[in-house]
Amino acid sequence: MPGLTLADARAALDAGLAEADAIGQPMNVAVVDDGGHLLAFARQDGAIRASIDIAQRKARTSILMEAPTAALMPLVQPGAELYGLEQTAGGMVVFGGGVPVHRDGVLVGAIGVSAGSAEQDVQVAEAAAAAVSTPVPA
């Protein structure tokens, strides 16, 4: 199965940026392939610069863990099973905004979004991912 193409990455960016515009929050949006390598990136006017790196790390974390980054937060608390995870693999990000992209049940890439609240980041990332994903079989 082919992975994400540049055209796919652009479609995801367009959908994510449109969602960011709709909620009125400038964002940084990253699209990575199944190896966590950057395919496309956009920083909207007014999005904070610190979030450039954070968006890319969220996407990469989502690939490495094969999960949305928001799902990792309870697992990395002191005493929890994955405490300290964010210190590994060059610095993972364990709060919302990283969303995997699946096609026919296969992980093909991920979206990372940063610059708003974690809830806003997730909303924009999910909109971007929906533009290029197919449902994961139950």
# chains A, B, ... in the order shown; residues from 1 in each chain; ligands from 1
call {"tool": "select_by_dssp", "arguments": {"residues": "segment 3-123 of chain A", "states": "strand (DSSP E)", "output": "list in words"}}
result
Asn28, Val29, Ala30, Val31, Val32, Asp33, Leu38, Leu39, Ala40, Phe41, Ala42, Arg43, Gly98, Val99, Pro100, Val101, His102, Arg103, Val106, Leu107, Val108, Gly109, Ala110, Ile111, Gly112, Val113 and Ser114 of chain A
call {"tool": "residues_around", "arguments": {"residues": "Met27 of chain A", "least_positions_apart": "6", "cutoff": "10 Å", "atoms": "only C-alpha atoms", "output": "MDAnalysis selection string"}}
result
chainID A and resid 16:17 19:21 42:49 51:52 55 113:116 120:121 124
call {"tool": "write_last_selection", "arguments": {"atoms": "all heavy atoms", "output": "short mmCIF file (atom, residue, chain, number, x, y, z; two decimals), in the first residue's frame"}}
result
data_model
loop_
_atom_site.label_atom_id
_atom_site.label_comp_id
_atom_site.auth_asym_id
_atom_site.auth_seq_id
_atom_site.Cartn_x
_atom_site.Cartn_y
_atom_site.Cartn_z
N GLY A 16 -6.47 21.18 7.61
CA GLY A 16 -6.09 21.64 8.93
C GLY A 16 -6.07 23.16 9.04
O GLY A 16 -6.58 23.73 10.01
N LEU A 17 -5.52 23.82 8.04
CA LEU A 17 -5.46 25.28 8.05
C LEU A 17 -6.87 25.89 7.97
O LEU A 17 -7.13 26.91 8.61
CB LEU A 17 -4.57 25.78 6.92
CG LEU A 17 -3.11 25.35 7.00
CD1 LEU A 17 -2.36 25.76 5.74
CD2 LEU A 17 -2.43 25.87 8.25
N GLU A 19 -9.55 24.53 9.21
CA GLU A 19 -10.13 24.36 10.55
C GLU A 19 -9.56 25.39 11.52
O GLU A 19 -10.29 25.96 12.34
CB GLU A 19 -9.88 22.94 11.06
CG GLU A 19 -10.56 22.61 12.37
CD GLU A 19 -12.07 22.53 12.28
OE1 GLU A 19 -12.63 22.42 11.15
OE2 GLU A 19 -12.72 22.60 13.34
N ALA A 20 -8.26 25.65 11.42
CA ALA A 20 -7.64 26.66 12.27
C ALA A 20 -8.26 28.03 12.00
O ALA A 20 -8.56 28.79 12.93
CB ALA A 20 -6.14 26.70 12.03
N ASP A 21 -8.49 28.35 10.73
CA ASP A 21 -9.15 29.61 10.38
C ASP A 21 -10.56 29.65 10.96
O ASP A 21 -10.99 30.69 11.49
CB ASP A 21 -9.24 29.78 8.85
CG ASP A 21 -7.91 30.13 8.21
OD1 ASP A 21 -6.99 30.60 8.93
OD2 ASP A 21 -7.79 29.94 6.98
N ALA A 42 3.21 23.95 7.45
CA ALA A 42 2.75 25.33 7.27
C ALA A 42 2.68 26.00 8.63
O ALA A 42 2.26 25.38 9.61
CB ALA A 42 1.39 25.37 6.58
N ARG A 43 3.08 27.26 8.65
CA ARG A 43 2.94 28.10 9.85
C ARG A 43 2.09 29.29 9.45
O ARG A 43 2.50 30.10 8.62
CB ARG A 43 4.30 28.56 10.36
CG ARG A 43 4.19 29.52 11.54
CD ARG A 43 5.57 29.89 12.07
NE ARG A 43 5.44 30.95 13.03
CZ ARG A 43 5.89 32.19 12.84
NH1 ARG A 43 6.51 32.51 11.73
NH2 ARG A 43 5.70 33.10 13.76
N GLN A 44 0.91 29.37 10.04
CA GLN A 44 0.03 30.49 9.76
C GLN A 44 0.57 31.76 10.39
O GLN A 44 1.26 31.73 11.42
CB GLN A 44 -1.38 30.20 10.26
CG GLN A 44 -2.09 29.12 9.45
CD GLN A 44 -3.50 28.91 9.93
OE1 GLN A 44 -3.72 28.61 11.10
NE2 GLN A 44 -4.45 29.05 9.02
N ASP A 45 0.24 32.88 9.76
CA ASP A 45 0.62 34.19 10.31
C ASP A 45 0.10 34.28 11.74
O ASP A 45 -1.07 34.01 12.00
CB ASP A 45 0.02 35.32 9.49
CG ASP A 45 0.56 35.37 8.07
OD1 ASP A 45 1.62 34.76 7.81
OD2 ASP A 45 -0.08 36.01 7.21
N GLY A 46 0.99 34.61 12.67
CA GLY A 46 0.60 34.77 14.06
C GLY A 46 0.78 33.54 14.91
O GLY A 46 0.65 33.61 16.13
N ALA A 47 1.07 32.38 14.31
CA ALA A 47 1.31 31.17 15.11
C ALA A 47 2.67 31.29 15.79
O ALA A 47 3.63 31.74 15.18
CB ALA A 47 1.27 29.93 14.23
N ILE A 48 2.74 30.90 17.05
CA ILE A 48 3.98 31.09 17.80
C ILE A 48 5.11 30.20 17.25
O ILE A 48 4.88 29.07 16.83
CB ILE A 48 3.78 30.86 19.31
CG1 ILE A 48 3.29 29.45 19.61
CG2 ILE A 48 2.84 31.90 19.90
CD1 ILE A 48 3.24 29.14 21.09
N ARG A 49 6.31 30.76 17.27
CA ARG A 49 7.47 30.08 16.70
C ARG A 49 7.87 28.83 17.49
O ARG A 49 8.34 27.86 16.89
CB ARG A 49 8.65 31.05 16.59
CG ARG A 49 8.43 32.09 15.52
CD ARG A 49 9.60 33.03 15.38
NE ARG A 49 9.80 33.93 16.52
CZ ARG A 49 9.10 35.06 16.72
NH1 ARG A 49 8.16 35.42 15.87
NH2 ARG A 49 9.34 35.81 17.77
N SER A 51 6.12 26.63 18.57
CA SER A 51 5.27 25.51 18.16
C SER A 51 5.65 24.91 16.82
O SER A 51 5.09 23.88 16.43
CB SER A 51 3.81 25.96 18.14
OG SER A 51 3.36 26.13 19.47
N ILE A 52 6.60 25.50 16.12
CA ILE A 52 7.08 24.89 14.87
C ILE A 52 7.66 23.52 15.19
O ILE A 52 7.28 22.51 14.59
CB ILE A 52 8.12 25.80 14.19
CG1 ILE A 52 7.48 27.10 13.72
CG2 ILE A 52 8.80 25.07 13.03
CD1 ILE A 52 8.48 28.17 13.28
N ALA A 55 4.95 20.99 16.82
CA ALA A 55 4.04 20.36 15.86
C ALA A 55 4.71 19.16 15.19
O ALA A 55 4.11 18.09 15.04
CB ALA A 55 3.57 21.37 14.82
N VAL A 113 -0.04 19.25 15.22
CA VAL A 113 -0.52 20.64 15.24
C VAL A 113 -0.17 21.26 16.58
O VAL A 113 -0.34 20.63 17.63
CB VAL A 113 -2.04 20.70 15.00
CG1 VAL A 113 -2.56 22.12 15.13
CG2 VAL A 113 -2.40 20.11 13.64
N SER A 114 0.27 22.52 16.54
CA SER A 114 0.59 23.22 17.78
C SER A 114 0.45 24.72 17.59
O SER A 114 0.71 25.24 16.51
CB SER A 114 2.02 22.89 18.21
OG SER A 114 2.29 23.40 19.49
N ALA A 115 0.03 25.38 18.65
CA ALA A 115 -0.04 26.84 18.79
C ALA A 115 -1.30 27.27 19.52
O ALA A 115 -1.39 28.40 19.96
CB ALA A 115 0.08 27.62 17.49
N GLY A 116 -2.28 26.39 19.65
CA GLY A 116 -3.48 26.71 20.41
C GLY A 116 -3.48 25.94 21.72
O GLY A 116 -2.44 25.47 22.18
N GLN A 120 -7.71 22.61 21.01
CA GLN A 120 -7.72 23.20 19.67
C GLN A 120 -6.74 22.47 18.74
O GLN A 120 -7.06 22.22 17.58
CB GLN A 120 -7.36 24.68 19.72
CG GLN A 120 -8.43 25.55 20.35
CD GLN A 120 -7.92 26.97 20.57
OE1 GLN A 120 -6.76 27.19 20.94
NE2 GLN A 120 -8.80 27.94 20.35
N ASP A 121 -5.58 22.14 19.26
CA ASP A 121 -4.60 21.42 18.45
C ASP A 121 -5.16 20.09 17.98
O ASP A 121 -5.00 19.71 16.81
CB ASP A 121 -3.31 21.18 19.25
CG ASP A 121 -2.55 22.46 19.57
OD1 ASP A 121 -2.91 23.54 19.07
OD2 ASP A 121 -1.56 22.35 20.34
N VAL A 124 -7.84 20.60 15.16
CA VAL A 124 -7.24 20.92 13.87
C VAL A 124 -6.54 19.69 13.29
O VAL A 124 -6.66 19.38 12.09
CB VAL A 124 -6.30 22.13 13.98
CG1 VAL A 124 -5.50 22.33 12.71
CG2 VAL A 124 -7.11 23.38 14.32
#
call {"tool": "closest_residue", "arguments": {"among": "A:Ile63, A:Ala7, A:Ala70, A:Leu39", "to": "Val106 of chain A", "atoms": "only C-alpha atoms"}}
result
A:Ile63
call {"tool": "select_by_dssp", "arguments": {"residues": "chain A", "states": "helix (DSSP H, G or I)", "output": "MDAnalysis selection string"}}
result
chainID A and resid 6:23 50:65 69:76 85:87 118:130
call {"tool": "closest_residue", "arguments": {"among": "A:Gly105, A:Gly90, A:Gly79, A:Gly97", "to": "Glu119 of chain A", "atoms": "only C-alpha atoms"}}
result
A:Gly97
call {"tool": "closest_residue", "arguments": {"among": "A:Gly3, A:Phe41, A:Ala9, A:Ala80", "to": "Ala129 of chain A", "atoms": "only C-alpha atoms"}}
result
A:Ala9
call {"tool": "decode", "arguments": {"residues": "segment 86-103 of chain A", "atoms": "N, CA, C and O atoms", "output": "short mmCIF file (atom, residue, chain, number, x, y, z; two decimals), in the first residue's frame"}}
result
data_model
loop_
_atom_site.label_atom_id
_atom_site.label_comp_id
_atom_site.auth_asym_id
_atom_site.auth_seq_id
_atom_site.Cartn_x
_atom_site.Cartn_y
_atom_site.Cartn_z
N GLU A 86 8.57 10.98 27.49
CA GLU A 86 8.81 12.20 26.70
C GLU A 86 10.29 12.56 26.63
O GLU A 86 10.69 13.40 25.81
N GLN A 87 11.12 11.92 27.43
CA GLN A 87 12.56 12.17 27.40
C GLN A 87 13.29 11.26 26.42
O GLN A 87 14.50 11.38 26.24
N THR A 88 12.57 10.36 25.76
CA THR A 88 13.20 9.40 24.86
C THR A 88 13.04 9.81 23.41
O THR A 88 12.29 10.73 23.08
N ALA A 89 13.75 9.13 22.54
CA ALA A 89 13.64 9.29 21.08
C ALA A 89 13.80 10.74 20.63
O ALA A 89 13.12 11.20 19.74
N GLY A 90 14.69 11.46 21.29
CA GLY A 90 14.93 12.84 20.90
C GLY A 90 13.92 13.84 21.40
O GLY A 90 13.92 14.99 20.99
N GLY A 91 13.04 13.40 22.29
CA GLY A 91 12.04 14.30 22.88
C GLY A 91 10.67 14.14 22.27
O GLY A 91 10.32 14.81 21.31
N MET A 92 9.90 13.22 22.80
CA MET A 92 8.54 13.04 22.33
C MET A 92 7.62 14.06 22.99
O MET A 92 7.95 14.61 24.03
N VAL A 93 6.47 14.28 22.39
CA VAL A 93 5.48 15.20 22.94
C VAL A 93 4.25 14.37 23.30
O VAL A 93 3.73 13.63 22.47
N VAL A 94 3.80 14.51 24.56
CA VAL A 94 2.77 13.61 25.07
C VAL A 94 1.48 14.32 25.43
O VAL A 94 0.72 13.83 26.26
N PHE A 95 1.23 15.46 24.81
CA PHE A 95 -0.07 16.11 24.99
C PHE A 95 -0.72 16.27 23.63
O PHE A 95 -0.09 16.09 22.59
N GLY A 96 -1.99 16.58 23.61
CA GLY A 96 -2.81 16.53 22.40
C GLY A 96 -2.31 17.37 21.24
O GLY A 96 -1.74 18.45 21.42
N GLY A 97 -2.54 16.84 20.03
CA GLY A 97 -2.21 17.54 18.81
C GLY A 97 -1.50 16.68 17.79
O GLY A 97 -1.30 17.09 16.65
N GLY A 98 -1.12 15.46 18.16
CA GLY A 98 -0.55 14.50 17.22
C GLY A 98 -1.59 13.43 16.93
O GLY A 98 -2.14 12.84 17.86
N VAL A 99 -1.87 13.21 15.65
CA VAL A 99 -2.92 12.26 15.26
C VAL A 99 -2.40 11.37 14.13
O VAL A 99 -1.92 11.89 13.11
N PRO A 100 -2.50 10.05 14.30
CA PRO A 100 -2.06 9.16 13.22
C PRO A 100 -3.01 9.20 12.03
O PRO A 100 -4.19 9.51 12.18
N VAL A 101 -2.47 8.86 10.87
CA VAL A 101 -3.26 8.76 9.65
C VAL A 101 -3.24 7.29 9.22
O VAL A 101 -2.16 6.71 9.02
N HIS A 102 -4.42 6.70 9.11
CA HIS A 102 -4.56 5.31 8.68
C HIS A 102 -5.27 5.22 7.35
O HIS A 102 -6.17 6.01 7.07
N ARG A 103 -4.87 4.25 6.57
CA ARG A 103 -5.58 3.90 5.34
C ARG A 103 -5.77 2.39 5.34
O ARG A 103 -4.78 1.65 5.40
#
